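The file target-v6.tsv comes next; it holds TSV, C-alpha atoms.
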chain	number	residue	atom	x	y	z
L	181	MET	CA	52.30	98.30	60.36
L	182	SER	CA	50.75	94.89	59.77
L	183	MET	CA	48.75	92.76	62.18
L	184	LEU	CA	48.04	89.07	62.58
L	185	ARG	CA	44.45	88.19	63.38
L	186	GLN	CA	43.09	84.75	64.27
L	187	ASP	CA	39.74	83.54	62.95
L	188	PRO	CA	37.84	82.40	66.08
L	189	LEU	CA	35.84	79.83	64.09
L	190	THR	CA	38.73	77.97	62.42
L	191	GLY	CA	41.90	79.03	64.26
L	192	ARG	CA	43.37	80.21	60.96
L	193	TRP	CA	45.76	83.17	61.12
L	194	VAL	CA	45.39	86.06	58.66
L	195	ILE	CA	48.00	88.77	58.05
L	196	ILE	CA	46.46	92.21	57.58
L	197	ALA	CA	49.15	94.14	55.68
L	198	THR	CA	47.71	97.24	54.05
L	199	GLY	CA	51.15	98.38	52.87
L	200	ARG	CA	51.25	95.47	50.42
L	201	GLY	CA	48.64	97.26	48.33
L	202	GLY	CA	51.28	99.63	47.01
L	203	ARG	CA	53.35	96.94	45.29
L	204	PRO	CA	54.11	97.39	41.59
L	205	ASN	CA	52.30	94.82	39.45
L	206	GLU	CA	53.56	94.15	35.93
L	207	PHE	CA	51.16	91.35	35.10
L	208	PRO	CA	47.84	93.09	34.28
L	209	LEU	CA	49.57	95.13	31.56
L	210	LEU	CA	51.51	92.13	30.25
L	211	GLN	CA	48.32	90.07	30.05
L	212	ARG	CA	46.73	92.78	27.90
L	213	GLY	CA	49.54	92.35	25.38
L	214	GLY	CA	51.47	95.45	26.41
L	215	ALA	CA	54.91	95.92	27.88
L	216	ALA	CA	55.70	96.55	31.52
L	217	GLU	CA	55.93	100.23	32.32
L	218	GLY	CA	59.00	101.73	33.91
L	219	ARG	CA	62.06	99.74	34.81
L	220	CYS	CA	62.47	96.49	36.70
L	221	PRO	CA	63.76	97.16	40.23
L	222	PHE	CA	65.39	93.71	40.33
L	223	CYS	CA	67.52	94.07	37.18
L	224	PRO	CA	71.27	94.85	37.36
L	225	GLY	CA	71.95	98.57	37.48
L	226	HIS	CA	68.76	99.25	39.43
L	227	GLU	CA	70.04	98.20	42.86
L	228	GLY	CA	69.05	101.59	44.27
L	229	ASP	CA	65.41	100.73	43.58
L	230	THR	CA	65.47	98.07	46.30
L	231	THR	CA	66.29	98.16	49.99
L	232	PRO	CA	70.02	97.68	50.79
L	233	GLU	CA	71.12	94.08	50.27
L	234	VAL	CA	71.88	91.74	53.15
L	235	LEU	CA	73.74	89.23	50.95
L	236	ALA	CA	75.11	89.12	47.42
L	237	LEU	CA	77.09	86.60	45.38
L	238	GLY	CA	79.10	86.93	42.19
L	239	ARG	CA	80.67	90.37	42.30
L	240	SER	CA	84.41	90.71	41.80
L	241	ALA	CA	86.56	91.32	44.86
L	242	GLY	CA	86.44	94.91	46.01
L	243	ALA	CA	83.18	95.74	44.22
L	244	ALA	CA	80.86	98.04	46.14
L	245	PRO	CA	77.72	96.64	47.77
L	246	ASN	CA	74.43	97.36	46.00
L	247	SER	CA	76.18	97.65	42.64
L	248	PRO	CA	75.94	95.57	39.42
L	249	GLY	CA	78.01	92.45	38.79
L	250	TRP	CA	76.06	90.13	41.10
L	251	ARG	CA	74.52	86.77	40.24
L	252	LEU	CA	72.27	86.69	43.33
L	253	ARG	CA	71.05	89.34	45.77
L	254	ALA	CA	68.98	89.15	48.97
L	255	PHE	CA	67.38	92.19	50.58
L	256	PRO	CA	64.40	93.14	52.77
L	257	ASN	CA	61.08	93.34	50.94
L	258	MET	CA	60.13	96.97	50.26
L	259	TYR	CA	56.45	96.07	50.77
L	260	PRO	CA	56.66	93.58	53.64
L	261	ALA	CA	53.85	91.42	54.93
L	262	VAL	CA	55.42	91.68	58.39
L	263	THR	CA	57.93	94.18	59.77
L	264	ALA	CA	60.72	94.14	62.33
L	265	ALA	CA	59.69	94.91	65.90
L	266	PRO	CA	60.96	98.21	67.30
L	267	ALA	CA	64.15	97.81	69.32
L	268	GLY	CA	63.36	96.53	72.79
L	269	ALA	CA	59.68	95.94	72.02
L	270	ALA	CA	58.14	92.80	73.47
L	271	PRO	CA	55.48	90.89	71.49
L	272	ALA	CA	52.04	92.00	72.66
L	273	ALA	CA	49.39	89.54	71.57
L	274	THR	CA	45.80	90.32	72.47
L	275	SER	CA	44.18	87.97	74.99
L	276	ASP	CA	40.62	88.43	73.70
L	277	ASP	CA	38.96	85.02	73.44
L	278	LEU	CA	37.01	86.05	70.33
L	279	LEU	CA	39.25	88.57	68.61
L	280	ALA	CA	42.77	87.27	69.15
L	281	GLY	CA	45.58	89.10	67.41
L	282	SER	CA	49.26	89.94	67.44
L	283	PRO	CA	51.41	92.74	66.05
L	284	GLY	CA	52.70	91.88	62.59
L	285	HIS	CA	56.31	91.69	63.71
L	286	GLY	CA	58.69	89.48	61.77
L	287	ARG	CA	60.88	89.55	58.68
L	288	HIS	CA	60.24	89.48	54.96
L	289	GLU	CA	63.09	89.20	52.46
L	290	VAL	CA	63.48	88.80	48.72
L	291	VAL	CA	66.12	86.61	47.06
L	292	VAL	CA	66.69	87.60	43.43
L	293	TYR	CA	68.41	84.48	42.16
L	294	SER	CA	69.46	85.60	38.67
L	295	PRO	CA	70.39	88.87	36.97
L	296	ASP	CA	68.62	87.55	33.84
L	297	HIS	CA	65.14	89.07	33.74
L	298	ASP	CA	63.80	86.10	31.75
L	299	ALA	CA	65.29	83.31	33.88
L	300	SER	CA	63.30	80.98	36.13
L	301	LEU	CA	63.99	78.10	38.48
L	302	ALA	CA	63.53	75.81	35.48
L	303	THR	CA	66.35	77.51	33.56
L	304	LEU	CA	68.93	77.41	36.36
L	305	SER	CA	71.73	74.86	36.17
L	306	ALA	CA	72.06	72.25	38.90
L	307	ALA	CA	75.05	74.15	40.33
L	308	GLU	CA	73.04	77.39	40.41
L	309	LEU	CA	70.18	75.65	42.18
L	310	VAL	CA	72.56	74.18	44.76
L	311	SER	CA	73.94	77.68	45.41
L	312	LEU	CA	70.43	79.12	45.71
L	313	LEU	CA	69.36	76.41	48.17
L	314	ASP	CA	72.40	77.19	50.31
L	315	VAL	CA	71.60	80.91	50.30
L	316	VAL	CA	68.02	80.21	51.36
L	317	ARG	CA	69.35	77.98	54.14
L	318	GLN	CA	71.63	80.81	55.32
L	319	ARG	CA	68.81	83.34	55.30
L	320	VAL	CA	66.53	80.95	57.19
L	321	ALA	CA	69.24	80.61	59.85
L	322	SER	CA	69.34	84.39	60.13
L	323	PHE	CA	65.55	84.54	60.52
L	324	ALA	CA	65.70	81.81	63.17
L	325	ALA	CA	67.94	84.03	65.31
L	326	GLU	CA	65.08	86.54	65.65
L	327	PRO	CA	63.55	86.07	69.14
L	328	GLY	CA	59.94	86.52	68.05
L	329	VAL	CA	59.99	84.41	64.86
L	330	ARG	CA	58.23	81.07	65.36
L	331	PHE	CA	57.47	80.21	61.75
L	332	ILE	CA	59.66	80.61	58.65
L	333	ALA	CA	58.43	80.04	55.10
L	334	PRO	CA	60.70	80.23	52.05
L	335	PHE	CA	58.62	80.22	48.86
L	336	CYS	CA	58.54	81.17	45.20
L	337	ASN	CA	55.59	82.71	43.36
L	338	HIS	CA	56.14	82.31	39.62
L	339	GLY	CA	53.56	83.81	37.31
L	340	PRO	CA	50.42	85.88	37.90
L	341	GLU	CA	48.12	83.00	38.89
L	342	ALA	CA	50.65	82.10	41.60
L	343	GLY	CA	50.60	85.59	43.12
L	344	ALA	CA	53.72	87.08	41.57
L	345	THR	CA	53.61	90.81	40.84
L	346	LEU	CA	57.05	91.20	39.23
L	347	THR	CA	58.31	89.02	36.39
L	348	HIS	CA	61.99	89.09	37.35
L	349	PRO	CA	62.82	85.72	38.97
L	350	HIS	CA	62.91	85.80	42.75
L	351	LEU	CA	62.06	83.88	45.91
L	352	GLN	CA	60.78	85.26	49.20
L	353	ILE	CA	61.15	84.33	52.86
L	354	ILE	CA	58.67	85.36	55.54
L	355	GLY	CA	59.11	84.85	59.27
L	356	THR	CA	56.13	85.39	61.59
L	357	PRO	CA	55.42	85.22	65.36
L	358	CYS	CA	52.38	82.96	64.86
L	359	ILE	CA	52.35	79.44	63.46
L	360	PRO	CA	49.77	78.78	60.72
L	361	LEU	CA	46.97	76.30	61.20
L	362	LEU	CA	48.28	74.02	58.43
L	363	THR	CA	51.58	73.52	60.26
L	364	VAL	CA	49.75	72.91	63.55
L	365	GLU	CA	47.51	70.31	61.90
L	366	LYS	CA	50.45	68.56	60.24
L	367	SER	CA	52.28	68.43	63.57
L	368	ALA	CA	49.24	66.83	65.21
L	369	ARG	CA	48.98	64.19	62.47
L	370	LEU	CA	52.71	63.43	62.63
L	371	ASP	CA	52.39	62.99	66.40
L	372	ALA	CA	49.31	60.79	66.15
L	373	TRP	CA	50.97	58.57	63.54
L	374	ARG	CA	54.06	58.07	65.69
L	375	ARG	CA	51.94	57.37	68.75
L	376	ASP	CA	49.74	54.83	66.94
L	377	ARG	CA	52.20	53.32	64.44
L	378	GLY	CA	55.61	53.99	65.96
L	379	GLY	CA	57.12	55.65	62.91
L	380	CYS	CA	57.23	58.87	60.92
L	381	LEU	CA	54.19	59.55	58.76
L	382	LEU	CA	56.18	61.08	55.89
L	383	CYS	CA	58.91	58.41	56.03
L	384	ASP	CA	56.27	55.69	55.89
L	385	LEU	CA	54.38	57.48	53.10
L	386	ALA	CA	57.52	57.90	50.99
L	387	ASP	CA	58.44	54.24	51.52
L	388	ARG	CA	55.02	53.09	50.36
L	389	GLU	CA	55.08	55.35	47.29
L	390	ARG	CA	58.51	53.95	46.39
L	391	ARG	CA	57.18	50.39	46.67
L	392	GLU	CA	53.93	50.93	44.76
L	393	GLY	CA	55.29	53.29	42.13
L	394	ALA	CA	52.04	54.57	40.61
L	395	ARG	CA	52.55	58.12	41.86
L	396	LEU	CA	56.34	58.00	42.02
L	397	VAL	CA	58.03	60.62	39.85
L	398	ARG	CA	61.62	60.00	40.90
L	399	ALA	CA	63.51	58.50	43.83
L	400	ASP	CA	67.14	58.09	44.82
L	401	GLU	CA	69.06	57.59	48.05
L	402	HIS	CA	68.38	61.18	49.13
L	403	TRP	CA	64.91	62.23	47.90
L	404	THR	CA	61.48	60.89	46.94
L	405	ALA	CA	59.32	62.91	44.53
L	406	VAL	CA	55.65	61.94	44.16
L	407	THR	CA	52.36	63.32	42.90
L	408	PRO	CA	50.39	63.11	46.17
L	409	TRP	CA	47.50	60.68	46.51
L	410	ALA	CA	45.18	63.59	47.38
L	411	SER	CA	46.78	66.29	45.24
L	412	ARG	CA	44.96	69.62	45.63
L	413	PHE	CA	46.37	71.05	42.40
L	414	PRO	CA	46.70	69.46	38.96
L	415	TRP	CA	50.30	68.26	38.50
L	416	GLU	CA	51.21	68.90	42.16
L	417	VAL	CA	54.51	67.33	43.29
L	418	LEU	CA	55.73	66.57	46.81
L	419	LEU	CA	59.47	66.15	47.50
L	420	VAL	CA	60.42	64.31	50.69
L	421	PRO	CA	64.02	63.94	51.90
L	422	VAL	CA	64.97	60.40	52.88
L	423	ARG	CA	66.85	61.76	55.88
L	424	HIS	CA	64.40	62.73	58.60
L	425	GLY	CA	64.90	66.31	59.79
L	426	SER	CA	63.09	69.50	60.71
L	427	SER	CA	64.16	71.40	57.57
L	428	PRO	CA	64.43	70.29	53.92
L	429	LEU	CA	67.27	72.80	53.52
L	430	ASP	CA	69.75	71.31	56.02
L	431	LEU	CA	71.43	69.07	53.47
L	432	GLU	CA	74.71	67.30	52.96
L	433	PRO	CA	76.33	68.14	49.59
L	434	ALA	CA	75.16	64.93	47.91
L	435	ALA	CA	71.56	65.48	49.06
L	436	ALA	CA	71.65	69.11	47.90
L	437	ALA	CA	72.91	68.03	44.47
L	438	SER	CA	70.19	65.38	44.30
L	439	LEU	CA	67.48	67.92	45.17
L	440	ALA	CA	68.79	70.43	42.63
L	441	GLY	CA	68.78	67.83	39.85
L	442	MET	CA	65.37	66.48	40.75
L	443	LEU	CA	63.77	69.89	41.22
L	444	GLY	CA	65.16	71.30	37.97
L	445	THR	CA	64.14	68.25	35.95
L	446	ILE	CA	60.56	68.27	37.29
L	447	LEU	CA	60.15	72.00	36.66
L	448	ARG	CA	61.43	71.65	33.09
L	449	ALA	CA	59.12	68.70	32.48
L	450	LEU	CA	56.16	70.76	33.69
L	451	GLN	CA	57.26	73.61	31.46
L	452	ARG	CA	57.50	71.35	28.41
L	453	ARG	CA	53.97	70.12	29.08
L	454	HIS	CA	52.32	73.43	29.99
L	455	GLY	CA	54.59	76.22	28.76
L	456	ASP	CA	55.59	78.94	31.21
L	457	LEU	CA	53.01	77.92	33.78
L	458	SER	CA	52.36	79.78	37.04
L	459	LEU	CA	53.37	77.82	40.11
L	460	ASN	CA	54.30	78.06	43.76
L	461	LEU	CA	57.28	76.35	45.33
L	462	VAL	CA	57.01	76.08	49.13
L	463	PHE	CA	59.53	74.80	51.70
L	464	HIS	CA	57.87	73.41	54.83
L	465	LEU	CA	60.01	73.80	57.96
L	466	ALA	CA	59.28	72.79	61.53
L	467	PRO	CA	57.58	75.28	63.86
L	468	ARG	CA	59.89	77.15	66.23
L	469	ARG	CA	59.75	78.21	69.85
L	470	GLY	CA	59.87	81.90	70.65
L	471	SER	CA	62.30	83.51	73.07
L	472	ASP	CA	59.87	82.61	75.86
L	473	GLY	CA	60.29	78.91	75.04
L	474	MET	CA	56.71	78.60	73.81
L	475	PHE	CA	55.13	78.07	70.39
L	476	ALA	CA	52.27	80.45	71.25
L	477	ASP	CA	49.83	77.76	70.10
L	478	PRO	CA	48.07	75.52	72.65
L	479	ALA	CA	48.26	72.37	70.53
L	480	LEU	CA	51.97	72.78	69.80
L	481	ASP	CA	52.79	73.78	73.37
L	482	ALA	CA	51.11	70.53	74.47
L	483	LEU	CA	53.36	68.59	72.06
L	484	GLY	CA	56.48	70.33	73.35
L	485	ASP	CA	59.71	68.99	71.84
L	486	ARG	CA	57.75	66.51	69.74
L	487	ALA	CA	56.48	69.33	67.55
L	488	VAL	CA	60.03	69.82	66.26
L	489	ASP	CA	61.58	66.38	66.69
L	490	GLN	CA	58.78	64.62	64.79
L	491	TRP	CA	58.58	67.15	61.97
L	492	HIS	CA	59.80	65.91	58.60
L	493	GLY	CA	60.71	68.83	56.34
L	494	HIS	CA	59.31	68.69	52.81
L	495	ILE	CA	58.85	70.73	49.64
L	496	GLU	CA	55.78	71.26	47.46
L	497	ILE	CA	55.52	72.26	43.81
L	498	LEU	CA	52.03	73.65	43.28
L	499	PRO	CA	51.15	74.42	39.63
L	500	ARG	CA	48.35	76.98	39.34
L	501	LEU	CA	46.55	75.67	36.28
L	502	SER	CA	43.06	75.95	37.76
L	503	ARG	CA	41.30	78.68	39.69
L	504	LEU	CA	39.94	78.59	43.20
L	505	ALA	CA	36.15	78.80	42.89
L	506	GLY	CA	33.34	79.23	45.40
L	507	PHE	CA	33.05	75.61	46.52
L	508	GLU	CA	36.79	75.29	47.13
L	509	ALA	CA	37.17	78.70	48.81
L	510	GLY	CA	34.10	78.26	50.98
L	511	THR	CA	34.57	74.65	52.11
L	512	GLY	CA	38.28	73.89	52.06
L	513	TYR	CA	37.72	71.07	49.58
L	514	ALA	CA	39.98	70.96	46.53
L	515	ILE	CA	38.77	69.75	43.13
L	516	ASN	CA	41.54	68.34	40.93
L	517	ALA	CA	40.77	67.43	37.31
L	518	VAL	CA	44.06	65.54	36.75
L	519	GLU	CA	44.58	62.09	38.26
L	520	PRO	CA	47.87	62.12	40.20
L	521	GLU	CA	48.84	58.74	38.74
L	522	ALA	CA	48.56	60.12	35.20
L	523	ALA	CA	50.58	63.20	36.12
L	524	ALA	CA	53.33	61.04	37.64
L	525	ALA	CA	53.50	58.81	34.56
L	526	HIS	CA	53.88	61.84	32.31
L	527	LEU	CA	56.57	63.44	34.49
L	528	ARG	CA	58.50	60.17	34.62
L	529	ALA	CA	58.42	59.98	30.83
L	530	ALA	CA	59.02	63.67	30.13
L	531	GLY	CA	61.83	64.23	32.59
L	532	GLU	CA	65.38	64.30	31.24
L	533	TRP	CA	66.70	62.39	34.21
L	534	GLY	CA	70.13	61.39	33.05
L	535	ALA	CA	71.95	58.50	34.65

Is it possible to express this structure as structure tokens?
Amino acid sequence: MSMLRQDPLTGRWVIIATGRGGRPNEFPLLQRGGAAEGRCPFCPGHEGDTTPEVLALGRSAGAAPNSPGWRLRAFPNMYPAVTAAPAGAAPAATSDDLLAGSPGHGRHEVVVYSPDHDASLATLSAAELVSLLDVVRQRVASFAAEPGVRFIAPFCNHGPEAGATLTHPHLQIIGTPCIPLLTVEKSARLDAWRRDRGGCLLCDLADRERREGARLVRADEHWTAVTPWASRFPWEVLLVPVRHGSSPLDLEPAAAASLAGMLGTILRALQRRHGDLSLNLVFHLAPRRGSDGMFADPALDALGDRAVDQWHGHIEILPRLSRLAGFEAGTGYAINAVEPEAAAAHLRAAGEWGA
């Protein structure tokens, strides 16, 4: 059983999930020059080592579920950060002004996107990336049907510095009853920009980056990719859809193909520059109302419909080439040793963009 606790000083939510401590971790042994012990639970033939799948693609007609022959599988995480609420249970957040908390009810799934143990997002074809994006969209829709889920985060941890514990390529999706402070703060800034300037903050930002070009990595009629002006991580990339919407996954076919091509090219360019670098890929979706019609956050409840209508879904690529040290961890400042303009110039030159 996990629990969400809110820091009374900052408003930041923390998930206390002691069961996560039992996860297998291949990386310490690999970093010592050894080989991973045991067998990979995500490889074909080991389907019984995971929870039963909720979705699979690629098997021949008539093949049994949870058997080999797949090209993609999704299933509940065996070591979840949050767990499903018992049937009929109502969310029971604590009302303590100082020690606010909530049961860690939600969903946590894994999407193994290739049977190849050595694959990565950078090695997938554009068609495979389009298929993966559609699967993630489908799973997000399933999460959204959960009455208590107010926040959904699809993400990928690739490499040990990014938090991965298994080397086999996979994404994860977590849905929680509480909305993180970062999303609340972004919603407030989006609302303030619209109130003061009459437009969308991310639309206006993408337009300016397209015009100025110094931090522009790639742009087409569907997406804008930039190295952000205030990048927290060296070689960080922000992808913004041209079409305003609450999710960066709700895409027409042409926009999905554009994203797949752009994402794959950027990841391969980063890999050519840095080798098999650790990175996080994060999809930022709008906050959601619970079954009670509320966001369970005072600032978002004050915004009401604007919290969703004004949200502009976006995607971040966060290379983990530097470590979080005391100043950064203790203050919230980020120190980035790579100028975003230089990173953008290199990615523009190194990317195999095609026509």

Quiz item: So, counting only C-alpha atoms, which residue among L:Leu278, L:Val329, L:Cys223, L:Ala517 is closest to Pro295 of chain L?
Solution: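 For Pro295 of chain L, the nearest of the given residues is L:Cys223.
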
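Atom pair atom CA of Pro256 of chain L / atom CA of Arg287 of chain L has a distance of 7.8 Å (rounded to one decimal).
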
Quiz item: Can you tell me, as a PyMOL selection string, what residues are no more than 12 Å from segment 519-531 of chain L when counting all atoms listed in the file, ignoring any on the same chain fewer than 2 positions away?
Solution: chain L and resi 389+392-399+405-418+441-454+499+515-517+533-535

Serialized selection, C-alpha atoms, as a PDB file, keeping the file's coordinate frame:
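Contents of the output file out.pdb:
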ATOM      1  CA  GLU L 389      55.080  55.350  47.290  1.00  0.00           C
ATOM      2  CA  GLU L 392      53.930  50.930  44.760  1.00  0.00           C
ATOM      3  CA  GLY L 393      55.290  53.290  42.130  1.00  0.00           C
ATOM      4  CA  ALA L 394      52.040  54.570  40.610  1.00  0.00           C
ATOM      5  CA  ARG L 395      52.550  58.120  41.860  1.00  0.00           C
ATOM      6  CA  LEU L 396      56.340  58.000  42.020  1.00  0.00           C
ATOM      7  CA  VAL L 397      58.030  60.620  39.850  1.00  0.00           C
ATOM      8  CA  ARG L 398      61.620  60.000  40.900  1.00  0.00           C
ATOM      9  CA  ALA L 399      63.510  58.500  43.830  1.00  0.00           C
ATOM     10  CA  ALA L 405      59.320  62.910  44.530  1.00  0.00           C
ATOM     11  CA  VAL L 406      55.650  61.940  44.160  1.00  0.00           C
ATOM     12  CA  THR L 407      52.360  63.320  42.900  1.00  0.00           C
ATOM     13  CA  PRO L 408      50.390  63.110  46.170  1.00  0.00           C
ATOM     14  CA  TRP L 409      47.500  60.680  46.510  1.00  0.00           C
ATOM     15  CA  ALA L 410      45.180  63.590  47.380  1.00  0.00           C
ATOM     16  CA  SER L 411      46.780  66.290  45.240  1.00  0.00           C
ATOM     17  CA  ARG L 412      44.960  69.620  45.630  1.00  0.00           C
ATOM     18  CA  PHE L 413      46.370  71.050  42.400  1.00  0.00           C
ATOM     19  CA  PRO L 414      46.700  69.460  38.960  1.00  0.00           C
ATOM     20  CA  TRP L 415      50.300  68.260  38.500  1.00  0.00           C
ATOM     21  CA  GLU L 416      51.210  68.900  42.160  1.00  0.00           C
ATOM     22  CA  VAL L 417      54.510  67.330  43.290  1.00  0.00           C
ATOM     23  CA  LEU L 418      55.730  66.570  46.810  1.00  0.00           C
ATOM     24  CA  GLY L 441      68.780  67.830  39.850  1.00  0.00           C
ATOM     25  CA  MET L 442      65.370  66.480  40.750  1.00  0.00           C
ATOM     26  CA  LEU L 443      63.770  69.890  41.220  1.00  0.00           C
ATOM     27  CA  GLY L 444      65.160  71.300  37.970  1.00  0.00           C
ATOM     28  CA  THR L 445      64.140  68.250  35.950  1.00  0.00           C
ATOM     29  CA  ILE L 446      60.560  68.270  37.290  1.00  0.00           C
ATOM     30  CA  LEU L 447      60.150  72.000  36.660  1.00  0.00           C
ATOM     31  CA  ARG L 448      61.430  71.650  33.090  1.00  0.00           C
ATOM     32  CA  ALA L 449      59.120  68.700  32.480  1.00  0.00           C
ATOM     33  CA  LEU L 450      56.160  70.760  33.690  1.00  0.00           C
ATOM     34  CA  GLN L 451      57.260  73.610  31.460  1.00  0.00           C
ATOM     35  CA  ARG L 452      57.500  71.350  28.410  1.00  0.00           C
ATOM     36  CA  ARG L 453      53.970  70.120  29.080  1.00  0.00           C
ATOM     37  CA  HIS L 454      52.320  73.430  29.990  1.00  0.00           C
ATOM     38  CA  PRO L 499      51.150  74.420  39.630  1.00  0.00           C
ATOM     39  CA  ILE L 515      38.770  69.750  43.130  1.00  0.00           C
ATOM     40  CA  ASN L 516      41.540  68.340  40.930  1.00  0.00           C
ATOM     41  CA  ALA L 517      40.770  67.430  37.310  1.00  0.00           C
ATOM     42  CA  TRP L 533      66.700  62.390  34.210  1.00  0.00           C
ATOM     43  CA  GLY L 534      70.130  61.390  33.050  1.00  0.00           C
ATOM     44  CA  ALA L 535      71.950  58.500  34.650  1.00  0.00           C
TER      45      ALA L 535
END

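With only C-alpha atoms as the atoms that count, the residue of L:Ser182, L:Ser502, L:Ser247, L:Ser427 with the shortest distance to Ser282 of chain L is L:Ser182.
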
Go through segment 393-461 of chain L residue by residue and, counting all atoms listed in the file, keep those with an atom at most 8 Å from segment 366-383 of chain L; for each kept residue give the shortest atom pair and its distance in Å to one decimal, ordered by chain and increasing number, as a tab-separated table.
residue	atom	partner	partner_atom	distance
L:Val420	CA	L:Leu382	CA	7.4
L:Val422	CA	L:Cys383	CA	7.1
L:His424	CA	L:Cys383	CA	7.4

Quiz prompt | Residues within 8 Å of (59.9, 91.6, 52.9), file coords, all atoms listed in the file, listed as a ChimeraX atom specification | solution = /L:255-263,287-290,352-354

Quiz prompt | Separation of atom CA of Val315 of chain L from atom CA of Val194 of chain L in Å | solution =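 Separation between atom CA of Val194 of chain L and atom CA of Val315 of chain L: 28.0 Å.
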
Self-check item: Coordinates-based distance that separates atom CA of Ala436 of chain L from atom CA of Ser311 of chain L (Å, one decimal)
Solution: 9.2 Å

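Among the candidates L:Leu459, L:Cys358, L:Ala197, L:Ala244, the one nearest to Glu341 of chain L when counting only C-alpha atoms is L:Leu459.
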
Quiz prompt | Neighbour residues at most 12 Å from (61.4, 82.8, 48.0) (only C-alpha atoms) as number ranges by chain | solution = L: 253-257, 288-293, 301, 312-313, 315-317, 319-320, 332-338, 344, 349-355, 460-463

Would you output that residue set with C-alpha atoms, as a short mmCIF file (atom, residue, chain, number, x, y, z; two decimals), keeping the file's coordinate frame?
data_model
loop_
_atom_site.label_atom_id
_atom_site.label_comp_id
_atom_site.auth_asym_id
_atom_site.auth_seq_id
_atom_site.Cartn_x
_atom_site.Cartn_y
_atom_site.Cartn_z
CA ARG L 253 71.05 89.34 45.77
CA ALA L 254 68.98 89.15 48.97
CA PHE L 255 67.38 92.19 50.58
CA PRO L 256 64.40 93.14 52.77
CA ASN L 257 61.08 93.34 50.94
CA HIS L 288 60.24 89.48 54.96
CA GLU L 289 63.09 89.20 52.46
CA VAL L 290 63.48 88.80 48.72
CA VAL L 291 66.12 86.61 47.06
CA VAL L 292 66.69 87.60 43.43
CA TYR L 293 68.41 84.48 42.16
CA LEU L 301 63.99 78.10 38.48
CA LEU L 312 70.43 79.12 45.71
CA LEU L 313 69.36 76.41 48.17
CA VAL L 315 71.60 80.91 50.30
CA VAL L 316 68.02 80.21 51.36
CA ARG L 317 69.35 77.98 54.14
CA ARG L 319 68.81 83.34 55.30
CA VAL L 320 66.53 80.95 57.19
CA ILE L 332 59.66 80.61 58.65
CA ALA L 333 58.43 80.04 55.10
CA PRO L 334 60.70 80.23 52.05
CA PHE L 335 58.62 80.22 48.86
CA CYS L 336 58.54 81.17 45.20
CA ASN L 337 55.59 82.71 43.36
CA HIS L 338 56.14 82.31 39.62
CA ALA L 344 53.72 87.08 41.57
CA PRO L 349 62.82 85.72 38.97
CA HIS L 350 62.91 85.80 42.75
CA LEU L 351 62.06 83.88 45.91
CA GLN L 352 60.78 85.26 49.20
CA ILE L 353 61.15 84.33 52.86
CA ILE L 354 58.67 85.36 55.54
CA GLY L 355 59.11 84.85 59.27
CA ASN L 460 54.30 78.06 43.76
CA LEU L 461 57.28 76.35 45.33
CA VAL L 462 57.01 76.08 49.13
CA PHE L 463 59.53 74.80 51.70
#

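Of the residues under consideration (L:Ala325, L:Ile195, L:Ala236, L:Ala440), L:Ala325 shows the shortest atom-to-atom contact distance to Ser471 of chain L when counting only C-alpha atoms.
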
Exercise. Rank nothing, just name the residue among L:His226, L:Arg239, L:His464, L:His402 nearest to Leu362 of chain L, using only C-alpha atoms.
Key: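 Among L:His226, L:Arg239, L:His464, L:His402, it is L:His464 that comes nearest to Leu362 of chain L.
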
Exercise. Find the residue from L:Trp250, L:Asp298, L:Gly512, L:Ala434 that sits nearest to Gly238 of chain L; use all atoms listed in the file when measuring.
Key: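 With all atoms listed in the file as the atom set, the closest residue is L:Trp250.
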
Could you add whatever atoms are missing so that segment 488-496 of chain L carries N, CA and C atoms, then write the result as a PDB file, keeping the file's coordinate frame?
ATOM      1  N   VAL L 488      58.847  69.627  67.102  1.00  0.00           N
ATOM      2  CA  VAL L 488      60.030  69.820  66.260  1.00  0.00           C
ATOM      3  C   VAL L 488      60.683  68.496  65.919  1.00  0.00           C
ATOM      4  N   ASP L 489      60.864  67.634  66.904  1.00  0.00           N
ATOM      5  CA  ASP L 489      61.580  66.380  66.690  1.00  0.00           C
ATOM      6  C   ASP L 489      60.876  65.473  65.695  1.00  0.00           C
ATOM      7  N   GLN L 490      59.539  65.506  65.669  1.00  0.00           N
ATOM      8  CA  GLN L 490      58.780  64.620  64.790  1.00  0.00           C
ATOM      9  C   GLN L 490      58.511  65.235  63.422  1.00  0.00           C
ATOM     10  N   TRP L 491      58.821  66.507  63.260  1.00  0.00           N
ATOM     11  CA  TRP L 491      58.580  67.150  61.970  1.00  0.00           C
ATOM     12  C   TRP L 491      59.516  66.582  60.918  1.00  0.00           C
ATOM     13  N   HIS L 492      58.995  66.370  59.734  1.00  0.00           N
ATOM     14  CA  HIS L 492      59.800  65.910  58.600  1.00  0.00           C
ATOM     15  C   HIS L 492      59.676  66.971  57.516  1.00  0.00           C
ATOM     16  N   GLY L 493      60.732  67.766  57.321  1.00  0.00           N
ATOM     17  CA  GLY L 493      60.710  68.830  56.340  1.00  0.00           C
ATOM     18  C   GLY L 493      60.391  68.306  54.947  1.00  0.00           C
ATOM     19  N   HIS L 494      59.697  69.114  54.149  1.00  0.00           N
ATOM     20  CA  HIS L 494      59.310  68.690  52.810  1.00  0.00           C
ATOM     21  C   HIS L 494      59.109  69.913  51.925  1.00  0.00           C
ATOM     22  N   ILE L 495      58.963  69.669  50.633  1.00  0.00           N
ATOM     23  CA  ILE L 495      58.850  70.730  49.640  1.00  0.00           C
ATOM     24  C   ILE L 495      57.666  70.414  48.730  1.00  0.00           C
ATOM     25  N   GLU L 496      56.902  71.439  48.374  1.00  0.00           N
ATOM     26  CA  GLU L 496      55.780  71.260  47.460  1.00  0.00           C
ATOM     27  C   GLU L 496      55.966  72.113  46.214  1.00  0.00           C
TER      28      GLU L 496
END
